[in-house]
Each structure stands twice: as C-alpha cells, then as structure tokens.
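**Q** Pasting run-v9.cif below, which is mmCIF, C-alpha atoms.
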```cif
data_protein
loop_
_atom_site.label_atom_id
_atom_site.label_comp_id
_atom_site.auth_asym_id
_atom_site.auth_seq_id
_atom_site.Cartn_x
_atom_site.Cartn_y
_atom_site.Cartn_z
CA MET A 16 0.39 -21.51 10.80
CA ILE A 17 -0.08 -20.10 14.28
CA ILE A 18 -2.27 -17.01 14.47
CA LEU A 19 -1.19 -14.66 17.24
CA VAL A 20 -3.06 -11.88 19.00
CA LYS A 21 0.02 -9.73 18.52
CA VAL A 22 2.66 -10.08 15.82
CA ASN A 23 5.94 -10.97 17.52
CA GLU A 24 8.85 -13.31 17.09
CA VAL A 25 7.19 -16.40 18.59
CA GLY A 26 5.44 -19.08 16.56
CA TRP A 27 6.35 -18.15 12.99
CA LYS A 28 8.10 -20.69 10.74
CA ALA A 29 8.37 -20.73 6.95
CA ALA A 30 9.68 -23.92 5.35
CA ALA A 31 8.11 -23.28 1.94
CA TYR A 32 7.15 -20.30 -0.22
CA GLU A 33 3.46 -20.90 0.53
CA ASP A 34 4.22 -20.47 4.24
CA VAL A 35 5.93 -17.11 3.79
CA THR A 36 3.10 -15.73 1.60
CA LYS A 37 0.63 -16.45 4.42
CA ILE A 38 2.95 -15.07 7.10
CA MET A 39 3.60 -11.97 4.98
CA LYS A 40 -0.08 -11.10 4.98
CA GLU A 41 -0.33 -11.62 8.75
CA VAL A 42 2.87 -9.76 9.66
CA GLY A 43 2.51 -6.84 7.23
CA ILE A 44 6.13 -5.70 7.59
CA LEU A 45 8.84 -8.34 7.26
CA PRO A 46 12.45 -7.13 7.29
CA LEU A 47 15.08 -9.47 5.93
CA SER A 48 17.13 -9.26 9.15
CA SER A 49 15.93 -8.79 12.72
CA PHE A 50 16.12 -5.11 13.65
CA ILE A 51 12.53 -4.22 14.63
CA PRO A 52 12.19 -5.04 18.37
CA ASP A 53 10.08 -8.11 19.19
CA HIS A 54 9.08 -8.56 15.57
CA PRO A 55 9.72 -11.38 13.07
CA SER A 56 12.08 -11.14 10.12
CA LEU A 57 12.67 -13.39 7.12
CA GLU A 58 15.86 -14.46 8.89
CA SER A 59 14.08 -15.38 12.14
CA ILE A 60 11.21 -17.38 10.58
CA THR A 61 13.52 -19.58 8.49
CA SER A 62 16.41 -21.92 9.25
CA GLN A 63 19.98 -21.04 8.37
CA GLU A 64 20.25 -24.19 6.26
CA GLN A 65 17.58 -22.92 3.85
CA TRP A 66 19.57 -19.88 2.72
CA HIS A 67 21.60 -19.61 -0.50
CA THR A 68 20.86 -23.13 -1.72
CA GLY A 69 19.23 -22.00 -4.96
CA LEU A 70 16.29 -24.31 -4.21
CA GLU A 71 12.60 -23.35 -4.06
CA THR A 72 12.90 -23.29 -0.26
CA ASP A 73 15.64 -20.62 -0.36
CA PRO A 74 14.45 -17.39 1.38
CA TRP A 75 17.02 -15.43 -0.65
CA LEU A 76 14.94 -16.25 -3.73
CA TRP A 77 11.63 -15.57 -1.95
CA ARG A 78 12.62 -11.92 -1.37
CA ASP A 79 12.48 -11.38 -5.14
CA ARG A 80 9.56 -13.70 -5.83
CA LEU A 81 7.22 -11.97 -3.36
CA PRO A 82 7.26 -8.58 -5.16
CA GLY A 83 7.11 -10.36 -8.53
CA ASP A 84 3.92 -12.11 -7.44
CA GLY A 85 2.44 -8.89 -6.04
CA ILE A 86 2.44 -10.28 -2.48
CA ALA A 87 4.72 -7.61 -1.03
CA ALA A 88 6.65 -4.50 -1.98
CA TYR A 89 10.40 -4.83 -1.52
CA GLY A 90 12.89 -2.09 -0.74
CA ARG A 91 14.84 -0.12 1.86
CA PHE A 92 11.85 1.89 3.05
CA PHE A 93 13.23 2.96 6.43
CA ALA A 94 16.36 2.48 8.58
CA LYS A 95 18.21 1.81 5.28
CA LYS A 96 17.33 -1.88 5.78
CA PRO A 97 15.85 -4.18 3.12
CA MET A 98 12.31 -5.27 3.94
CA LEU A 99 9.05 -6.57 2.53
CA ILE A 100 5.74 -4.79 3.13
CA SER A 101 2.52 -6.62 2.30
CA ALA A 102 0.46 -5.44 -0.66
CA GLU A 103 -2.39 -4.71 1.75
CA LEU A 104 -0.29 -2.46 4.00
CA PHE A 105 2.01 -0.84 1.43
CA PRO A 106 -0.49 1.83 0.21
CA LEU A 107 -0.82 3.14 3.77
CA VAL A 108 2.96 3.07 4.31
CA LYS A 109 3.50 4.82 0.99
CA ASN A 110 0.94 7.47 1.94
CA LEU A 111 2.98 8.32 5.04
CA LEU A 112 6.49 8.05 3.59
CA ASP A 113 5.74 9.63 0.22
CA GLU A 114 6.62 13.25 -0.47
CA PRO A 115 3.89 15.60 -1.75
CA TYR A 116 6.29 16.99 -4.38
CA SER A 117 7.83 15.32 -7.43
CA VAL A 118 11.51 14.39 -7.53
CA GLU A 119 12.11 17.30 -9.90
CA GLU A 120 10.47 19.75 -7.48
CA ARG A 121 12.45 18.33 -4.56
CA TYR A 122 15.65 18.75 -6.58
CA ALA A 123 14.73 22.36 -7.35
CA ASP A 124 14.22 22.93 -3.61
CA GLY A 125 17.64 21.44 -2.82
CA GLU A 126 16.20 18.33 -1.16
CA LEU A 127 17.56 15.82 -3.69
CA PRO A 128 20.87 15.58 -5.55
CA LYS A 129 20.85 15.63 -9.34
CA SER A 130 21.92 11.97 -9.41
CA ALA A 131 18.69 10.94 -7.63
CA VAL A 132 16.57 12.78 -10.19
CA GLU A 133 18.45 11.22 -13.10
CA LEU A 134 18.16 7.80 -11.48
CA PHE A 135 14.41 8.15 -10.94
CA GLN A 136 13.83 9.36 -14.50
CA ALA A 137 15.83 6.42 -15.88
CA VAL A 138 13.74 3.96 -13.84
CA GLU A 139 10.50 5.70 -14.88
CA GLU A 140 11.47 5.45 -18.55
CA ASN A 141 12.66 1.84 -18.23
CA GLU A 142 10.41 0.12 -15.70
CA GLY A 143 12.08 -3.05 -14.37
CA ILE A 144 15.57 -1.90 -15.36
CA ASP A 145 18.44 -3.87 -13.83
CA VAL A 146 21.05 -2.13 -11.73
CA LYS A 147 23.91 -2.61 -14.20
CA GLU A 148 21.99 -0.96 -17.05
CA LEU A 149 20.72 1.73 -14.68
CA ARG A 150 24.25 2.77 -13.70
CA SER A 151 25.21 2.84 -17.36
CA LYS A 152 22.24 4.99 -18.40
CA ILE A 153 22.97 7.71 -15.85
CA GLY A 154 26.72 7.63 -16.37
CA MET A 155 27.63 6.19 -12.98
CA LYS A 156 29.43 2.98 -13.95
CA ALA A 157 32.74 4.08 -12.43
CA LYS A 158 33.78 2.62 -9.09
CA GLU A 159 34.09 6.13 -7.63
CA SER A 160 30.39 6.74 -8.33
CA LYS A 161 29.10 3.69 -6.45
CA ASN A 162 28.59 5.39 -3.07
CA GLU A 163 26.69 8.29 -4.62
CA PHE A 164 24.62 5.87 -6.69
CA ASP A 165 23.76 3.75 -3.63
CA ARG A 166 22.78 6.84 -1.61
CA ALA A 167 20.43 7.96 -4.39
CA LEU A 168 18.86 4.50 -4.53
CA ILE A 169 18.23 4.44 -0.79
CA GLU A 170 16.87 7.99 -0.74
CA LEU A 171 14.33 7.19 -3.46
CA GLN A 172 13.28 3.96 -1.77
CA SER A 173 12.90 5.70 1.61
CA LYS A 174 10.31 8.02 0.06
CA THR A 175 8.69 5.10 -1.84
CA ASP A 176 9.51 6.66 -5.21
CA ILE A 177 10.98 3.34 -6.37
CA VAL A 178 10.91 -0.30 -5.27
CA ILE A 179 13.01 -3.37 -5.95
CA ALA A 180 11.13 -5.28 -8.65
CA GLY A 181 13.07 -8.55 -8.58
CA ILE A 182 16.13 -9.82 -10.40
CA SER A 183 17.32 -10.40 -13.94
CA GLU A 184 19.65 -13.24 -14.89
CA ARG A 185 22.93 -12.45 -16.58
CA LEU A 186 23.13 -14.50 -19.77
CA ASN A 187 25.97 -15.00 -22.23
CA ALA A 188 25.64 -14.90 -26.03
CA ASN A 189 24.35 -18.48 -26.03
CA GLY A 190 21.57 -17.66 -23.58
CA THR A 191 23.25 -19.54 -20.74
CA LYS A 192 23.35 -18.05 -17.25
CA ASN A 193 26.68 -16.35 -16.68
CA GLY A 194 27.56 -14.55 -13.44
CA TRP A 195 25.47 -13.11 -10.60
CA ASN A 196 21.87 -12.00 -11.02
CA SER A 197 21.17 -8.24 -11.09
CA THR A 198 18.64 -6.38 -8.95
CA CYS A 199 15.88 -4.63 -10.92
CA TYR A 200 13.97 -1.45 -10.05
CA MET A 201 10.66 0.13 -10.98
CA THR A 202 8.62 3.04 -9.72
CA ALA A 203 6.36 2.19 -6.79
CA GLU A 204 3.35 3.50 -8.70
CA HIS A 205 4.08 1.17 -11.62
CA TRP A 206 4.47 -1.81 -9.27
CA MET A 207 1.11 -1.03 -7.68
CA GLU A 208 -0.62 -0.60 -11.04
CA LEU A 209 0.94 -3.84 -12.27
CA HIS A 210 -0.64 -5.76 -9.40
CA GLY A 211 -3.94 -3.88 -9.16
CA ILE A 212 -3.10 -2.24 -5.83
CA LYS A 213 -5.03 0.95 -5.14
CA ALA A 214 -3.34 3.99 -3.59
CA ASN A 215 -4.27 5.15 -0.09
CA THR A 216 -5.38 8.77 -0.43
CA LEU A 217 -6.37 9.52 3.16
CA PRO A 218 -5.25 12.91 4.53
CA THR A 219 -2.10 12.50 6.64
CA PRO A 220 -3.81 12.78 10.07
CA GLU A 221 -6.31 10.06 9.11
CA ALA A 222 -3.61 7.86 7.61
CA LYS A 223 -1.57 8.18 10.81
CA SER A 224 -4.63 7.34 12.88
CA GLN A 225 -5.23 4.24 10.76
CA LEU A 226 -1.65 3.03 11.14
CA ARG A 227 -1.62 3.83 14.87
CA ALA A 228 -4.72 1.67 15.37
CA LEU A 229 -3.17 -1.14 13.33
CA LEU A 230 0.05 -1.07 15.35
CA GLN A 231 -1.86 -1.17 18.64
CA GLU A 232 -4.05 -4.03 17.46
CA ARG A 233 -1.57 -6.23 15.62
CA PHE A 234 2.01 -5.44 16.67
CA SER A 235 3.90 -6.08 19.88
CA ALA A 236 4.32 -3.11 22.22
CA ALA A 237 8.05 -2.80 21.44
CA ALA A 238 7.54 -3.00 17.67
CA GLY A 239 4.68 -0.50 17.92
CA VAL A 240 6.85 2.02 19.75
CA TYR A 241 9.68 1.63 17.22
CA LEU A 242 7.41 1.96 14.19
CA GLY A 243 5.53 4.83 15.79
CA LYS A 244 8.80 6.78 15.83
CA VAL A 245 9.58 5.82 12.23
CA PHE A 246 6.22 7.12 11.00
CA LYS A 247 6.11 10.03 13.46
CA LEU A 248 2.82 8.91 14.97
#
```
Output the structure of this file as structure tokens.
**A**
Amino acid sequence: MIILVKVNEVGWKAAAYEDVTKIMKEVGILPLSSFIPDHPSLESITSQEQWHTGLETDPWLWRDRLPGDGIAAYGRFFAKKPMLISAELFPLVKNLLDEPYSVEERYADGELPKSAVELFQAVEENEGIDVKELRSKIGMKAKESKNEFDRALIELQSKTDIVIAGISERLNANGTKNGWNSTCYMTAEHWMELHGIKANTLPTPEAKSQLRALLQERFSAAAGVYLGKVFKL
C-alpha cells in the first residue's frame, strides 16, 4: 500500500478485504461514494467489477464486515451519505457530532420527533435489531410510514446515537437463505463497548483543536476545508 503525506484520491487500491482494513486506518473517513473533495471513497479505491458479486472481494460486503470486525463505524454521520469512520477516529467524531442531551430530553425540547425517540429506545432494548423487526416494533411497517422512519434513522445516525451494525440474513423455515439481507442497527455506545473502543471526553474546544490538527496533517486541502465546515471548526 502506498503511504501518502496527505490523504487524497491518488494511490489507493483495495483488491482484498485486508487491503481495505489497512486503507481504512490510514484514511480515517471512507465514504461509500465520492462526495468529499479530493478524498478517497470505497467506490474510488475499488474496481466496478468487484461490486455485487457476493464474493469475498465484494466491497458491498466489506461495508458490513468492517463494523462487525470493529475496524470502522458505519452510518450516515453527515451529508446524509453512508460512510465508514475508523475505530481510532470515531470517538473524536462522536464527541463533536454527539448531543449533550439524551434523545428523550431532545424530544421534550422539540428537537426530535416522537418516532425518533421510539426508534432509539427500540434499538437500545434490542441491540443489533434488523430493520424489518425495528419497523414492526415501533408500528411503522406501513408504506406511508417509510419516509418518516428513514428520516428518524438518519437523524439518529447524524448525532451518532445509533450506527449500522451489519446485516442479518433472511431465512425460511428450513434455515435456507430466502430474500434480501436486512440492515441491523445498534447504539453507538454499545458498538464501542463491544469492540473495546474508549470514548473521547475532551471538552469541545480541545476536541475541535485535535480534529483541526489532524485534518491539516493528514487530509488534502480541499477535504480539510469541506470537513472543517461539517464539524464547524
């Protein structure tokens, strides 16, 4: 693997899962698609032929394996885009995106809809729950509820309340795979505890200073400017 002075889109290629685990630790933030300026994505470091083959070299499978192995947190943490954030960097990102108040307190203050609170509580009580069961538990199975459900999911991920924990296979009565896999969710705190990842408890000004230094040292100028706006640095 090529080690760069600055993380950008040049020189990164992942042909196997072992490659992407190494790149993940170097890059820190790896969106699935290319939307961060002058910054790699899972799409850009792999070839189109690798995708959706169902083989071990399929990046579509890596996006679920990485959080399962504790290599990276997975979710729509900003820009409503799916991305992976390395286990080393995630505590700092969570520190800056996290809200100081609980979901219940934010609901009481009018900052969250009731559906988001119910969704979070269902995930908290059933860590690793798949999306189909989650919709059922909070009474949002109907087609008309999908948009509200999706908005609640994104809102909770954007504040790092929950993360995507991987997938569960749909099996029939005989235990044979039947239909598409389902996305699973767990609270970010549970995911961190599961993989022995310690929280970053720096005061906000110090946390921002730490991230600002990291962006200047490791990220391209364009990516640094973009992420600086995201984290209000």
**Q** Find the residues near Leu81 in chain A: any atom within 12 Å, counting all atoms listed in the file, skip ones fewer than 5 places away on the same chain, and give them as a ChimeraX atom specification.
**A** /A:32-40,45,57,74-76,86-90,98-102,179-182,210
**Q** Name the residues captured by the PyMOL selection byres ((chain A and resi 94) around 10) when it is applied to the shown file; answer as a list of chain:residue names.
**A**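 Here the PyMOL selection byres ((chain A and resi 94) around 10) matches A:Phe50, A:Ile51, A:Arg91, A:Phe92, A:Phe93, A:Lys95, A:Lys96, A:Pro97, A:Met98, A:Ile169, A:Ser173, A:Val245.
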**Q** Name every residue that the PyMOL selection byres ((chain A and resi 113) around 8) selects in this structure, writing the answer as a ChimeraX atom specification with chains first and numbers rising.
**A** /A:109-112,114-115,174-176
**Q** Could you write out that same residue set with C-alpha atoms as a short mmCIF file (atom, residue, chain, number, x, y, z; two decimals), keeping the file's coordinate frame?
**A**
```cif
data_model
loop_
_atom_site.label_atom_id
_atom_site.label_comp_id
_atom_site.auth_asym_id
_atom_site.auth_seq_id
_atom_site.Cartn_x
_atom_site.Cartn_y
_atom_site.Cartn_z
CA LYS A 109 3.50 4.82 0.99
CA ASN A 110 0.94 7.47 1.94
CA LEU A 111 2.98 8.32 5.04
CA LEU A 112 6.49 8.05 3.59
CA GLU A 114 6.62 13.25 -0.47
CA PRO A 115 3.89 15.60 -1.75
CA LYS A 174 10.31 8.02 0.06
CA THR A 175 8.69 5.10 -1.84
CA ASP A 176 9.51 6.66 -5.21
#
```
**Q** Between CA of Thr198 in chain A and CA of Val146 in chain A, what is the spacing in Å?
**A** 5.6 Å
**Q** Name the residues captured by the PyMOL selection byres ((chain A and resi 128-135) around 9) when it is applied to the shown file; answer as number ranges by chain.
**A** A: 118-119, 121-122, 125-127, 136-140, 149-150, 152-153, 155, 163-164, 166-168, 170-171, 176-177, 201-202
**Q** One number please: CA of Ser117 in chain A to CA of Gly211 in chain A, in Å, one decimal.
**A**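 Value for the CA of Ser117 in chain A-CA of Gly211 in chain A distance: 22.6 Å.
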**Q** Given the choices A:Leu226, A:Leu248, A:Val42, A:Leu107, which gets closest to His54 in chain A if the distance is worked out from only C-alpha atoms?
**A**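 So, comparing all the options, the nearest one is A:Val42.
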**Q** Provide the CA of Ala123 in chain A to CA of Lys223 in chain A distance in Å, to one decimal place.
**A**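 One can read the CA of Ala123 in chain A to CA of Lys223 in chain A distance as 28.2 Å.
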**Q** Return the single residue from A:Tyr241, A:Trp27, A:Arg78, A:Asp73 that is closest to Ile60 in chain A, with distances computed using only C-alpha atoms.
**A**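 Of the candidates, the smallest distance to Ile60 in chain A is held by A:Trp27.
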**Q** With distances taken over all atoms listed in the file, which residue among A:Gly83, A:Gly43, A:Gly239, A:Gly69 lies nearest Val108 in chain A?
**A**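 Among A:Gly83, A:Gly43, A:Gly239, A:Gly69, it is A:Gly43 that comes nearest to Val108 in chain A.
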**Q** Give the padded box for range 132-138 of chain A as JSON: axis-aligned, covering all atoms listed in the file, 6 Å on each side, centre and edge lengths in Å to one decimal.
**A**
```
{"center_x": 16.1, "center_y": 8.4, "center_z": -13.0, "size_x": 16.7, "size_y": 20.8, "size_z": 17.7}
```
